>>> print(open('run-v3.tsv').read())   # TSV, C-alpha atoms and all ligand atoms
chain	number	residue	atom	x	y	z
A	1	MET	CA	11.04	-19.72	128.07
A	2	ALA	CA	13.46	-17.14	129.52
A	3	VAL	CA	16.87	-16.77	127.91
A	4	CYS	CA	19.63	-17.58	130.42
A	5	GLY	CA	22.83	-15.64	131.13
A	6	ASP	CA	24.94	-18.37	129.57
A	7	PHE	CA	23.17	-17.84	126.23
A	8	VAL	CA	23.83	-14.09	126.39
A	9	ARG	CA	27.54	-14.81	126.99
A	10	GLN	CA	27.59	-17.19	124.00
A	11	LEU	CA	25.89	-14.56	121.83
A	12	GLN	CA	28.45	-11.94	122.87
A	13	GLU	CA	31.28	-14.36	122.03
A	14	ARG	CA	29.80	-14.84	118.57
A	15	GLN	CA	29.41	-11.09	118.09
A	16	ALA	CA	33.08	-10.52	119.00
A	17	TYR	CA	34.15	-13.38	116.68
A	18	ILE	CA	32.17	-11.86	113.79
A	19	ASP	CA	33.60	-8.38	114.45
A	20	ARG	CA	37.16	-9.75	114.34
A	21	HIS	CA	36.48	-11.24	110.91
A	22	LEU	CA	34.39	-8.37	109.52
A	23	VAL	CA	37.37	-6.05	109.95
A	24	ARG	CA	39.55	-8.55	108.09
A	25	PHE	CA	37.23	-8.47	105.04
A	26	MET	CA	37.19	-4.67	104.83
A	27	PRO	CA	39.80	-2.25	103.49
A	28	PRO	CA	41.53	-0.63	106.53
A	29	ALA	CA	39.81	2.52	107.79
A	30	GLY	CA	42.91	4.58	106.96
A	31	SER	CA	43.36	3.26	103.41
A	32	TYR	CA	43.08	5.54	100.39
A	33	PRO	CA	40.70	7.25	99.80
A	34	PRO	CA	40.25	7.66	103.57
A	35	VAL	CA	36.78	9.24	103.74
A	36	ILE	CA	34.96	6.30	102.19
A	37	HIS	CA	36.81	3.72	104.26
A	38	GLN	CA	36.31	5.64	107.49
A	39	ALA	CA	32.61	5.95	106.68
A	40	MET	CA	32.36	2.22	105.91
A	41	HIS	CA	33.94	1.37	109.25
A	42	TYR	CA	31.65	3.87	110.99
A	43	ALA	CA	28.62	2.23	109.39
A	44	VAL	CA	29.65	-1.34	110.21
A	45	PHE	CA	31.18	-1.01	113.69
A	46	ASN	CA	28.24	0.70	115.35
A	47	GLY	CA	27.24	-1.69	118.11
A	48	GLY	CA	25.00	-3.83	115.89
A	49	LYS	CA	23.77	-7.12	117.33
A	50	ARG	CA	25.20	-9.19	114.41
A	51	LEU	CA	22.04	-11.31	114.31
A	52	ARG	CA	22.30	-12.01	110.59
A	53	PRO	CA	25.89	-13.29	110.52
A	54	THR	CA	25.16	-15.28	113.67
A	55	LEU	CA	22.25	-16.94	111.86
A	56	VAL	CA	24.50	-17.81	108.90
A	57	LEU	CA	27.08	-19.45	111.16
A	58	GLU	CA	24.46	-21.29	113.21
A	59	ALA	CA	22.78	-22.63	110.06
A	60	ALA	CA	26.18	-23.95	109.01
A	61	ARG	CA	26.65	-25.55	112.45
A	62	ALA	CA	23.15	-27.07	112.36
A	63	VAL	CA	23.92	-28.96	109.14
A	64	GLY	CA	27.34	-30.11	110.34
A	65	GLY	CA	29.33	-27.63	108.22
A	66	GLU	CA	32.67	-26.13	109.22
A	67	VAL	CA	31.50	-22.85	110.67
A	68	GLU	CA	34.62	-20.84	109.76
A	69	LYS	CA	34.05	-21.61	106.07
A	70	ALA	CA	30.76	-19.73	106.28
A	71	LEU	CA	32.44	-16.60	107.70
A	72	PRO	CA	32.74	-14.70	104.38
A	73	THR	CA	29.03	-15.30	103.70
A	74	ALA	CA	28.13	-14.23	107.24
A	75	CYS	CA	30.20	-11.04	107.00
A	76	ALA	CA	28.95	-10.23	103.50
A	77	ILE	CA	25.31	-10.38	104.65
A	78	GLU	CA	26.11	-8.10	107.60
A	79	MET	CA	27.67	-5.61	105.14
A	80	ILE	CA	24.43	-5.65	103.14
A	81	HIS	CA	22.43	-5.11	106.32
A	82	CYS	CA	24.68	-2.16	107.32
A	83	TYR	CA	24.32	-0.61	103.86
A	84	SER	CA	20.54	-0.87	104.12
A	85	LEU	CA	20.58	0.95	107.47
A	86	VAL	CA	22.79	3.76	106.10
A	87	HIS	CA	20.47	4.29	103.14
A	88	ASP	CA	17.31	3.89	105.24
A	89	ASP	CA	18.49	6.74	107.52
A	90	LEU	CA	19.06	9.17	104.61
A	91	PRO	CA	16.95	12.35	104.36
A	92	ALA	CA	15.24	10.95	101.25
A	93	MET	CA	14.07	7.92	103.25
A	94	ASP	CA	13.50	7.92	107.02
A	95	ASP	CA	15.64	11.03	107.66
A	96	ASP	CA	16.97	9.78	110.99
A	97	ASP	CA	19.65	11.57	113.01
A	98	LEU	CA	20.48	8.71	115.35
A	99	ARG	CA	21.27	5.02	114.86
A	100	ARG	CA	22.11	2.99	117.95
A	101	GLY	CA	22.54	6.23	119.90
A	102	LYS	CA	25.15	7.66	117.53
A	103	PRO	CA	24.76	10.25	114.73
A	104	THR	CA	23.77	8.52	111.48
A	105	CYS	CA	26.35	8.10	108.72
A	106	HIS	CA	25.10	11.05	106.63
A	107	LYS	CA	25.17	13.33	109.70
A	108	VAL	CA	28.88	12.59	110.15
A	109	PHE	CA	30.13	12.16	106.57
A	110	GLY	CA	27.54	14.07	104.51
A	111	GLU	CA	24.76	12.76	102.33
A	112	ALA	CA	26.79	12.01	99.19
A	113	ASN	CA	29.38	10.04	101.16
A	114	ALA	CA	26.64	8.12	102.98
A	115	ILE	CA	25.08	7.08	99.66
A	116	LEU	CA	28.50	5.96	98.43
A	117	THR	CA	29.18	4.16	101.73
A	118	GLY	CA	26.07	2.06	101.22
A	119	ASP	CA	27.00	1.40	97.60
A	120	ALA	CA	30.55	0.42	98.60
A	121	LEU	CA	29.34	-1.97	101.32
A	122	LEU	CA	26.91	-3.65	98.94
A	123	THR	CA	29.61	-4.05	96.30
A	124	LEU	CA	32.16	-5.32	98.81
A	125	ALA	CA	29.65	-7.88	100.06
A	126	PHE	CA	29.54	-9.53	96.63
A	127	GLU	CA	33.34	-9.39	96.33
A	128	VAL	CA	33.60	-11.21	99.68
A	129	LEU	CA	30.88	-13.71	98.73
A	130	ALA	CA	32.64	-14.55	95.47
A	131	GLY	CA	35.87	-15.15	97.42
A	132	SER	CA	34.21	-18.16	99.10
A	133	ALA	CA	34.62	-20.10	95.84
A	134	SER	CA	38.33	-20.50	96.56
A	135	ILE	CA	37.86	-21.91	100.09
A	136	PRO	CA	39.07	-25.54	100.05
A	137	GLY	CA	36.18	-27.90	100.73
A	138	LEU	CA	33.45	-25.60	99.40
A	139	GLU	CA	31.97	-26.44	96.01
A	140	PRO	CA	32.02	-23.40	93.65
A	141	VAL	CA	28.56	-24.42	92.43
A	142	GLN	CA	27.17	-24.14	95.98
A	143	VAL	CA	28.89	-20.75	96.34
A	144	MET	CA	27.21	-19.59	93.10
A	145	LYS	CA	23.84	-20.68	94.49
A	146	VAL	CA	24.53	-18.69	97.66
A	147	ILE	CA	25.48	-15.57	95.67
A	148	HIS	CA	22.22	-15.92	93.73
A	149	GLU	CA	20.25	-16.43	96.95
A	150	VAL	CA	21.71	-13.30	98.58
A	151	ALA	CA	21.28	-11.19	95.42
A	152	VAL	CA	17.59	-12.08	95.15
A	153	ALA	CA	17.03	-11.43	98.87
A	154	ALA	CA	18.67	-8.00	98.74
A	155	GLY	CA	17.13	-6.95	95.42
A	156	SER	CA	13.90	-5.55	94.07
A	157	GLN	CA	11.87	-8.65	94.92
A	158	GLY	CA	13.29	-8.79	98.43
A	159	MET	CA	14.66	-6.05	100.70
A	160	ILE	CA	14.56	-3.20	98.18
A	161	GLY	CA	11.07	-4.22	97.05
A	162	GLY	CA	9.97	-4.16	100.71
A	163	GLN	CA	11.49	-0.72	101.21
A	164	VAL	CA	9.68	0.63	98.11
A	165	LEU	CA	6.35	-0.78	99.32
A	166	ASP	CA	7.03	0.62	102.79
A	167	LEU	CA	7.70	4.13	101.44
A	168	GLU	CA	4.59	3.92	99.25
A	169	ALA	CA	2.49	2.88	102.25
A	170	GLU	CA	3.54	5.83	104.44
A	171	GLY	CA	0.50	7.77	105.49
A	172	ALA	CA	-1.90	5.23	103.94
A	173	GLU	CA	-4.29	2.84	105.69
A	174	ILE	CA	-2.98	-0.57	104.66
A	175	SER	CA	-4.20	-4.10	105.28
A	176	LEU	CA	-2.52	-6.56	107.62
A	177	GLU	CA	-1.80	-8.72	104.58
A	178	LEU	CA	0.16	-5.92	102.87
A	179	LEU	CA	2.01	-5.11	106.09
A	180	LYS	CA	3.04	-8.77	106.39
A	181	ASP	CA	4.25	-8.73	102.78
A	182	ILE	CA	6.27	-5.54	103.38
A	183	HIS	CA	7.91	-7.08	106.46
A	184	SER	CA	8.63	-10.37	104.72
A	185	ARG	CA	10.49	-8.53	101.94
A	186	LYS	CA	12.07	-5.66	103.85
A	187	THR	CA	13.38	-7.61	106.85
A	188	GLY	CA	12.41	-11.23	106.27
A	189	ALA	CA	14.16	-11.78	102.94
A	190	LEU	CA	17.65	-11.20	104.35
A	191	PHE	CA	16.99	-13.41	107.40
A	192	ARG	CA	15.80	-16.13	105.02
A	193	ALA	CA	18.98	-15.76	102.97
A	194	CYS	CA	21.06	-16.12	106.16
A	195	LEU	CA	19.62	-19.51	107.12
A	196	ARG	CA	19.53	-20.81	103.58
A	197	SER	CA	23.02	-19.63	102.59
A	198	GLY	CA	24.72	-20.88	105.75
A	199	SER	CA	23.35	-24.35	105.08
A	200	MET	CA	23.51	-24.35	101.24
A	201	LEU	CA	27.28	-23.82	101.33
A	202	PHE	CA	27.49	-27.36	102.72
A	203	GLY	CA	25.02	-28.97	100.31
A	204	VAL	CA	22.16	-29.24	102.79
A	205	GLU	CA	19.47	-31.76	101.86
A	206	ASP	CA	15.98	-30.60	100.93
A	207	GLU	CA	14.06	-31.46	104.09
A	208	ARG	CA	16.53	-29.61	106.33
A	209	LEU	CA	16.67	-26.63	103.98
A	210	LYS	CA	12.88	-26.41	104.14
A	211	ALA	CA	12.98	-26.58	107.94
A	212	LEU	CA	15.59	-23.80	108.15
A	213	THR	CA	13.59	-21.71	105.67
A	214	ARG	CA	10.45	-22.08	107.82
A	215	TYR	CA	12.49	-21.12	110.90
A	216	ALA	CA	13.81	-18.03	109.08
A	217	GLU	CA	10.35	-16.92	107.97
A	218	SER	CA	8.83	-17.20	111.44
A	219	PHE	CA	11.95	-15.74	113.09
A	220	GLY	CA	11.92	-12.78	110.66
A	221	LEU	CA	8.29	-11.92	111.29
A	222	GLY	CA	8.72	-12.38	115.06
A	223	PHE	CA	11.76	-10.08	114.93
A	224	GLN	CA	9.89	-7.41	112.97
A	225	VAL	CA	6.77	-7.47	115.14
A	226	THR	CA	9.02	-7.14	118.21
A	227	ASP	CA	10.74	-4.21	116.48
A	228	ASP	CA	7.34	-2.57	115.97
A	229	ILE	CA	6.51	-3.14	119.65
A	230	LEU	CA	9.86	-1.67	120.79
A	231	ASP	CA	9.08	1.43	118.74
A	232	VAL	CA	6.03	1.91	120.98
A	233	GLU	CA	7.25	0.86	124.40
A	234	GLY	CA	11.05	0.51	124.16
A	235	ASP	CA	13.58	2.44	126.23
A	236	GLU	CA	15.12	5.19	124.07
A	237	GLN	CA	18.47	4.84	125.84
A	238	VAL	CA	18.58	1.13	125.03
A	239	ILE	CA	17.25	1.19	121.46
A	240	GLY	CA	19.40	4.23	120.63
A	241	LYS	CA	16.72	6.24	118.80
A	242	PRO	CA	13.52	8.03	119.76
A	243	VAL	CA	10.50	5.79	120.36
A	244	GLY	CA	7.43	6.55	118.26
A	245	SER	CA	9.32	7.11	115.00
A	246	ASP	CA	7.01	4.73	113.11
A	247	ARG	CA	3.99	6.84	114.04
A	248	LYS	CA	5.92	10.04	113.30
A	249	ASN	CA	6.59	8.67	109.80
A	250	GLU	CA	2.96	7.49	109.55
A	251	LYS	CA	4.00	3.89	109.13
A	252	ALA	CA	1.54	1.07	109.69
A	253	THR	CA	2.82	-1.42	112.25
A	254	TYR	CA	1.50	-4.50	114.02
A	255	PRO	CA	0.67	-2.58	117.24
A	256	TYR	CA	-1.05	0.13	115.17
A	257	LEU	CA	-3.19	-2.37	113.21
A	258	LEU	CA	-3.81	-4.94	115.94
A	259	GLY	CA	-3.12	-3.27	119.28
A	260	LEU	CA	-0.18	-4.03	121.57
A	261	ASP	CA	-1.59	-7.18	123.21
A	262	GLU	CA	-2.42	-8.85	119.91
A	263	ALA	CA	0.95	-7.79	118.45
A	264	ARG	CA	2.68	-9.44	121.44
A	265	ARG	CA	0.64	-12.59	120.83
A	266	VAL	CA	1.63	-12.66	117.15
A	267	ALA	CA	5.31	-12.26	118.08
A	268	ARG	CA	5.07	-15.13	120.61
A	269	THR	CA	3.36	-17.38	118.05
A	270	CYS	CA	6.03	-16.64	115.41
A	271	ILE	CA	8.81	-17.53	117.81
A	272	GLN	CA	7.05	-20.73	118.87
A	273	GLU	CA	6.65	-21.67	115.19
A	274	ALA	CA	10.32	-20.89	114.54
A	275	VAL	CA	11.36	-23.26	117.32
A	276	GLU	CA	8.94	-25.97	116.14
A	277	SER	CA	10.42	-25.75	112.63
A	278	LEU	CA	13.70	-27.05	114.01
A	279	ALA	CA	12.16	-30.44	114.85
A	280	PRO	CA	14.41	-32.31	112.33
A	281	PHE	CA	17.49	-31.04	114.23
A	282	GLY	CA	19.04	-32.14	117.50
A	283	PRO	CA	21.19	-30.20	119.97
A	284	GLU	CA	23.26	-28.78	117.11
A	285	ALA	CA	20.38	-26.31	116.59
A	286	ASP	CA	19.99	-25.35	120.27
A	287	PHE	CA	21.60	-21.97	119.72
A	288	LEU	CA	19.04	-21.20	116.99
A	289	ARG	CA	16.25	-22.21	119.38
A	290	ASN	CA	17.61	-19.89	122.09
A	291	LEU	CA	18.16	-17.09	119.59
A	292	ALA	CA	14.48	-17.20	118.68
A	293	HIS	CA	13.53	-16.75	122.34
A	294	TYR	CA	16.09	-13.98	122.70
A	295	VAL	CA	14.50	-12.07	119.81
A	296	LEU	CA	11.18	-12.11	121.61
A	297	GLU	CA	12.69	-10.84	124.87
A	298	ARG	CA	15.17	-8.35	123.41
A	299	GLN	CA	15.12	-4.75	124.57
A	300	SER	CA	17.04	-3.33	121.58
A	401	LIG	C1	17.29	1.35	102.05
A	401	LIG	C2	17.98	-0.54	100.54
A	401	LIG	C3	17.28	-0.08	101.71
A	401	LIG	C4	16.64	-0.97	102.47
A	401	LIG	C5	16.04	-0.61	103.72
A	401	LIG	C6	16.18	-3.25	106.14
A	401	LIG	C7	15.74	-1.91	105.68
A	401	LIG	C8	15.34	-1.78	104.31
A	401	LIG	C9	15.74	-0.84	106.49
A	401	LIG	C10	16.15	-0.90	107.86
A	401	LIG	C11	15.26	-0.01	108.66
A	401	LIG	C12	14.55	-0.70	109.74
A	401	LIG	C13	14.53	0.04	111.02
A	401	LIG	C14	13.95	-1.86	109.56
A	401	LIG	C15	13.23	-2.54	110.60
A	401	LIG	C16	13.92	-3.71	111.26
A	401	LIG	C17	15.36	-3.68	111.23
A	401	LIG	C18	15.98	-4.20	110.01
A	401	LIG	C19	16.03	-3.23	112.28
A	401	LIG	C20	17.48	-3.20	112.41
A	401	LIG	O1	18.00	-4.50	112.56
A	401	LIG	P1	18.81	-4.92	113.86
A	401	LIG	O2	17.99	-4.64	115.09
A	401	LIG	O3	19.99	-3.87	113.80
A	401	LIG	O4	19.31	-6.30	113.70
A	401	LIG	P2	21.45	-3.93	114.41
A	401	LIG	O5	21.82	-2.46	114.59
A	401	LIG	O6	21.44	-4.69	115.71
A	401	LIG	O7	22.30	-4.60	113.37
>>> encode(input="run-v3.tsv", output="structure tokens")
Amino acid sequence: MAVCGDFVRQLQERQAYIDRHLVRFMPPAGSYPPVIHQAMHYAVFNGGKRLRPTLVLEAARAVGGEVEKALPTACAIEMIHCYSLVHDDLPAMDDDDLRRGKPTCHKVFGEANAILTGDALLTLAFEVLAGSASIPGLEPVQVMKVIHEVAVAAGSQGMIGGQVLDLEAEGAEISLELLKDIHSRKTGALFRACLRSGSMLFGVEDERLKALTRYAESFGLGFQVTDDILDVEGDEQVIGKPVGSDRKNEKATYPYLLGLDEARRVARTCIQEAVESLAPFGPEADFLRNLAHYVLERQS
């Protein structure tokens, strides 16, 4: 199914909405001490697609929640994502000079400031998450569950665990099973937290939480396999970094292990499974259905 122009307009509206609120949750770029706040703004307002906060808000919509009450959670998860990109680009990790076509944070602000920028974004994320407890209509106990969910997803069993396994696997011949596990921790865990948190804030019932979790897992793998494919055949101008960086860093990827055609088939299957997972939902989940198709067709 091709994604229509109307969907792209709706996605852009959501991205602009999220950006307006992200800036509200951050100390102003000029506030003291200026270097750290300028670097945080540089790291967050970099043309990112805002997929994760969009998923949080759409999970809230799918379960009939008031979407604006999920905004702090959505913005906090985007801050965690931005921190992970800043740290991933560091010389000690992927050593990348470009992110979305712009010099990486450490290239502009220096390595020490880039490390601190990531640390500050991660810390701010939990400050913003905790603030949700005082939103009228949200149960503090649900907010606590969301904080726990996000902490586990970002931590050593989730995203950081995935990054460690990924670094360990560089240059090694690894199995498809290990690659899938790396992806599910490194990228999948945060996507999973997005769908779960956005719905848990509103006391989602078990069956729907399971359905959204299945969607997130298939969506996350489909997203990552597409990312691997774009690293082989993407347009450098559009993805904003050189193609072939996975091979340069001797990383195993789906196209490397399975070939491009099979990798494309896996990505299509994941997206189909993501859409099928939404069977318990009606039109209130249509945006999530379209977003899954968009991920398959994306060029960046
Ligand atoms: C260093 C703590 C730490 C974690 C690193 C998520 C991660 C783990 C690293 C990111 C590096 C990377 C290229 C991962 C592959 C997929 C991915 C997360 C791509 C970037 O996500 P997009 O496309 O980015 O949603 P935008 O810029 O649109 O927000």
>>> closest_residue(input="run-v3.tsv", among="A:Ile174, A:Val86, A:Leu179, A:Ala211", to="ligand LIG 401 (chain A)", atoms="only C-alpha atoms and all ligand atoms")
A:Val86
>>> closest_residue(input="run-v3.tsv", among="A:Gly171, A:Pro34, A:Pro72, A:Gly188", to="Leu129 (chain A)", atoms="all atoms listed in the file")
A:Pro72
>>> residues_near_point(input="run-v3.tsv", point="(23.6, -26.1, 99.6)", cutoff="12 Å", atoms="all atoms listed in the file", output="number ranges by chain")
A: 59-60, 63, 65, 70, 138-149, 193, 195-210, 212
>>> residues_around(input="run-v3.tsv", residues="region 272-285 of chain A", least_positions_apart="3", cutoff="12 Å", atoms="all atoms listed in the file", output="mmCIF file with C-alpha atoms, in the coordinates of the input")
data_model
loop_
_atom_site.group_PDB
_atom_site.id
_atom_site.type_symbol
_atom_site.label_atom_id
_atom_site.label_comp_id
_atom_site.auth_asym_id
_atom_site.auth_seq_id
_atom_site.Cartn_x
_atom_site.Cartn_y
_atom_site.Cartn_z
ATOM 1 C CA MET A 1 11.040 -19.720 128.070
ATOM 2 C CA LEU A 55 22.250 -16.940 111.860
ATOM 3 C CA LEU A 57 27.080 -19.450 111.160
ATOM 4 C CA GLU A 58 24.460 -21.290 113.210
ATOM 5 C CA ALA A 59 22.780 -22.630 110.060
ATOM 6 C CA ALA A 60 26.180 -23.950 109.010
ATOM 7 C CA ARG A 61 26.650 -25.550 112.450
ATOM 8 C CA ALA A 62 23.150 -27.070 112.360
ATOM 9 C CA VAL A 63 23.920 -28.960 109.140
ATOM 10 C CA GLY A 64 27.340 -30.110 110.340
ATOM 11 C CA GLY A 65 29.330 -27.630 108.220
ATOM 12 C CA ARG A 192 15.800 -16.130 105.020
ATOM 13 C CA LEU A 195 19.620 -19.510 107.120
ATOM 14 C CA GLU A 205 19.470 -31.760 101.860
ATOM 15 C CA ASP A 206 15.980 -30.600 100.930
ATOM 16 C CA GLU A 207 14.060 -31.460 104.090
ATOM 17 C CA ARG A 208 16.530 -29.610 106.330
ATOM 18 C CA LEU A 209 16.670 -26.630 103.980
ATOM 19 C CA LYS A 210 12.880 -26.410 104.140
ATOM 20 C CA ALA A 211 12.980 -26.580 107.940
ATOM 21 C CA LEU A 212 15.590 -23.800 108.150
ATOM 22 C CA THR A 213 13.590 -21.710 105.670
ATOM 23 C CA ARG A 214 10.450 -22.080 107.820
ATOM 24 C CA TYR A 215 12.490 -21.120 110.900
ATOM 25 C CA ALA A 216 13.810 -18.030 109.080
ATOM 26 C CA GLU A 217 10.350 -16.920 107.970
ATOM 27 C CA SER A 218 8.830 -17.200 111.440
ATOM 28 C CA PHE A 219 11.950 -15.740 113.090
ATOM 29 C CA GLY A 220 11.920 -12.780 110.660
ATOM 30 C CA LEU A 221 8.290 -11.920 111.290
ATOM 31 C CA GLY A 222 8.720 -12.380 115.060
ATOM 32 C CA PHE A 223 11.760 -10.080 114.930
ATOM 33 C CA ARG A 265 0.640 -12.590 120.830
ATOM 34 C CA VAL A 266 1.630 -12.660 117.150
ATOM 35 C CA ALA A 267 5.310 -12.260 118.080
ATOM 36 C CA ARG A 268 5.070 -15.130 120.610
ATOM 37 C CA THR A 269 3.360 -17.380 118.050
ATOM 38 C CA LEU A 288 19.040 -21.200 116.990
ATOM 39 C CA ARG A 289 16.250 -22.210 119.380
ATOM 40 C CA ASN A 290 17.610 -19.890 122.090
ATOM 41 C CA LEU A 291 18.160 -17.090 119.590
ATOM 42 C CA ALA A 292 14.480 -17.200 118.680
ATOM 43 C CA HIS A 293 13.530 -16.750 122.340
ATOM 44 C CA TYR A 294 16.090 -13.980 122.700
ATOM 45 C CA VAL A 295 14.500 -12.070 119.810
ATOM 46 C CA LEU A 296 11.180 -12.110 121.610
#
>>> residues_near_ligand(input="run-v3.tsv", ligand="ligand LIG 401 (chain A)", cutoff="8 Å", atoms="all atoms listed in the file", output="number ranges by chain")
A: 46-52, 78, 81-89, 93, 99-100, 154, 159-160, 162-163, 186-187, 223-224, 227-228, 300
>>> closest_residue(input="run-v3.tsv", among="A:Ala153, A:Leu90, A:Leu176, A:Ile229", to="Arg247 (chain A)", atoms="only C-alpha atoms")
A:Ile229
>>> atom_distance(input="run-v3.tsv", atom1="CA of Ala39 (chain A)", atom2="CA of Thr117 (chain A)")
6.3 Å
>>> closest_residue(input="run-v3.tsv", among="A:Asn249, A:Leu124, A:Ser132, A:Gln237", to="Asp95 (chain A)", atoms="all atoms listed in the file")
A:Asn249
>>> residues_around(input="run-v3.tsv", residues="region 168-170 of chain A", least_positions_apart="6", cutoff="8 Å", atoms="all atoms listed in the file", output="PyMOL selection string")
chain A and resi 249-252
>>> closest_residue(input="run-v3.tsv", among="A:Tyr254, A:Tyr42, A:Phe25, A:Tyr17", to="Leu178 (chain A)", atoms="only C-alpha atoms")
A:Tyr254
>>> atom_distance(input="run-v3.tsv", atom1="CA of Gly259 (chain A)", atom2="CA of Asp97 (chain A)")
27.9 Å
>>> atom_distance(input="run-v3.tsv", atom1="CA of Ile135 (chain A)", atom2="CA of Glu13 (chain A)")
24.1 Å
>>> closest_residue(input="run-v3.tsv", among="A:Val108, A:Leu121, A:Val152, A:Leu98", to="Val44 (chain A)", atoms="all atoms listed in the file")
A:Leu121
>>> residues_near_point(input="run-v3.tsv", point="(31.4, -10.2, 100.2)", cutoff="8 Å", atoms="all atoms listed in the file", output="list in words")
Phe25, Pro72, Thr73, Cys75, Ala76, Ile77, Met79, Thr123, Leu124, Ala125, Phe126, Glu127, Val128, Leu129, Ala130 and Gly131 of chain A
>>> write_last_selection(input="run-v3.tsv", atoms="C-alpha atoms", output="PDB file, in the coordinates of the input")
ATOM      1  CA  PHE A  25      37.230  -8.470 105.040  1.00  0.00           C
ATOM      2  CA  PRO A  72      32.740 -14.700 104.380  1.00  0.00           C
ATOM      3  CA  THR A  73      29.030 -15.300 103.700  1.00  0.00           C
ATOM      4  CA  CYS A  75      30.200 -11.040 107.000  1.00  0.00           C
ATOM      5  CA  ALA A  76      28.950 -10.230 103.500  1.00  0.00           C
ATOM      6  CA  ILE A  77      25.310 -10.380 104.650  1.00  0.00           C
ATOM      7  CA  MET A  79      27.670  -5.610 105.140  1.00  0.00           C
ATOM      8  CA  THR A 123      29.610  -4.050  96.300  1.00  0.00           C
ATOM      9  CA  LEU A 124      32.160  -5.320  98.810  1.00  0.00           C
ATOM     10  CA  ALA A 125      29.650  -7.880 100.060  1.00  0.00           C
ATOM     11  CA  PHE A 126      29.540  -9.530  96.630  1.00  0.00           C
ATOM     12  CA  GLU A 127      33.340  -9.390  96.330  1.00  0.00           C
ATOM     13  CA  VAL A 128      33.600 -11.210  99.680  1.00  0.00           C
ATOM     14  CA  LEU A 129      30.880 -13.710  98.730  1.00  0.00           C
ATOM     15  CA  ALA A 130      32.640 -14.550  95.470  1.00  0.00           C
ATOM     16  CA  GLY A 131      35.870 -15.150  97.420  1.00  0.00           C
TER      17      GLY A 131
END
>>> residues_around(input="run-v3.tsv", residues="His41 (chain A)", least_positions_apart="6", cutoff="9 Å", atoms="all atoms listed in the file", output="list in words")
Val23, Met26, Pro27, Pro28 and Ala29 of chain A
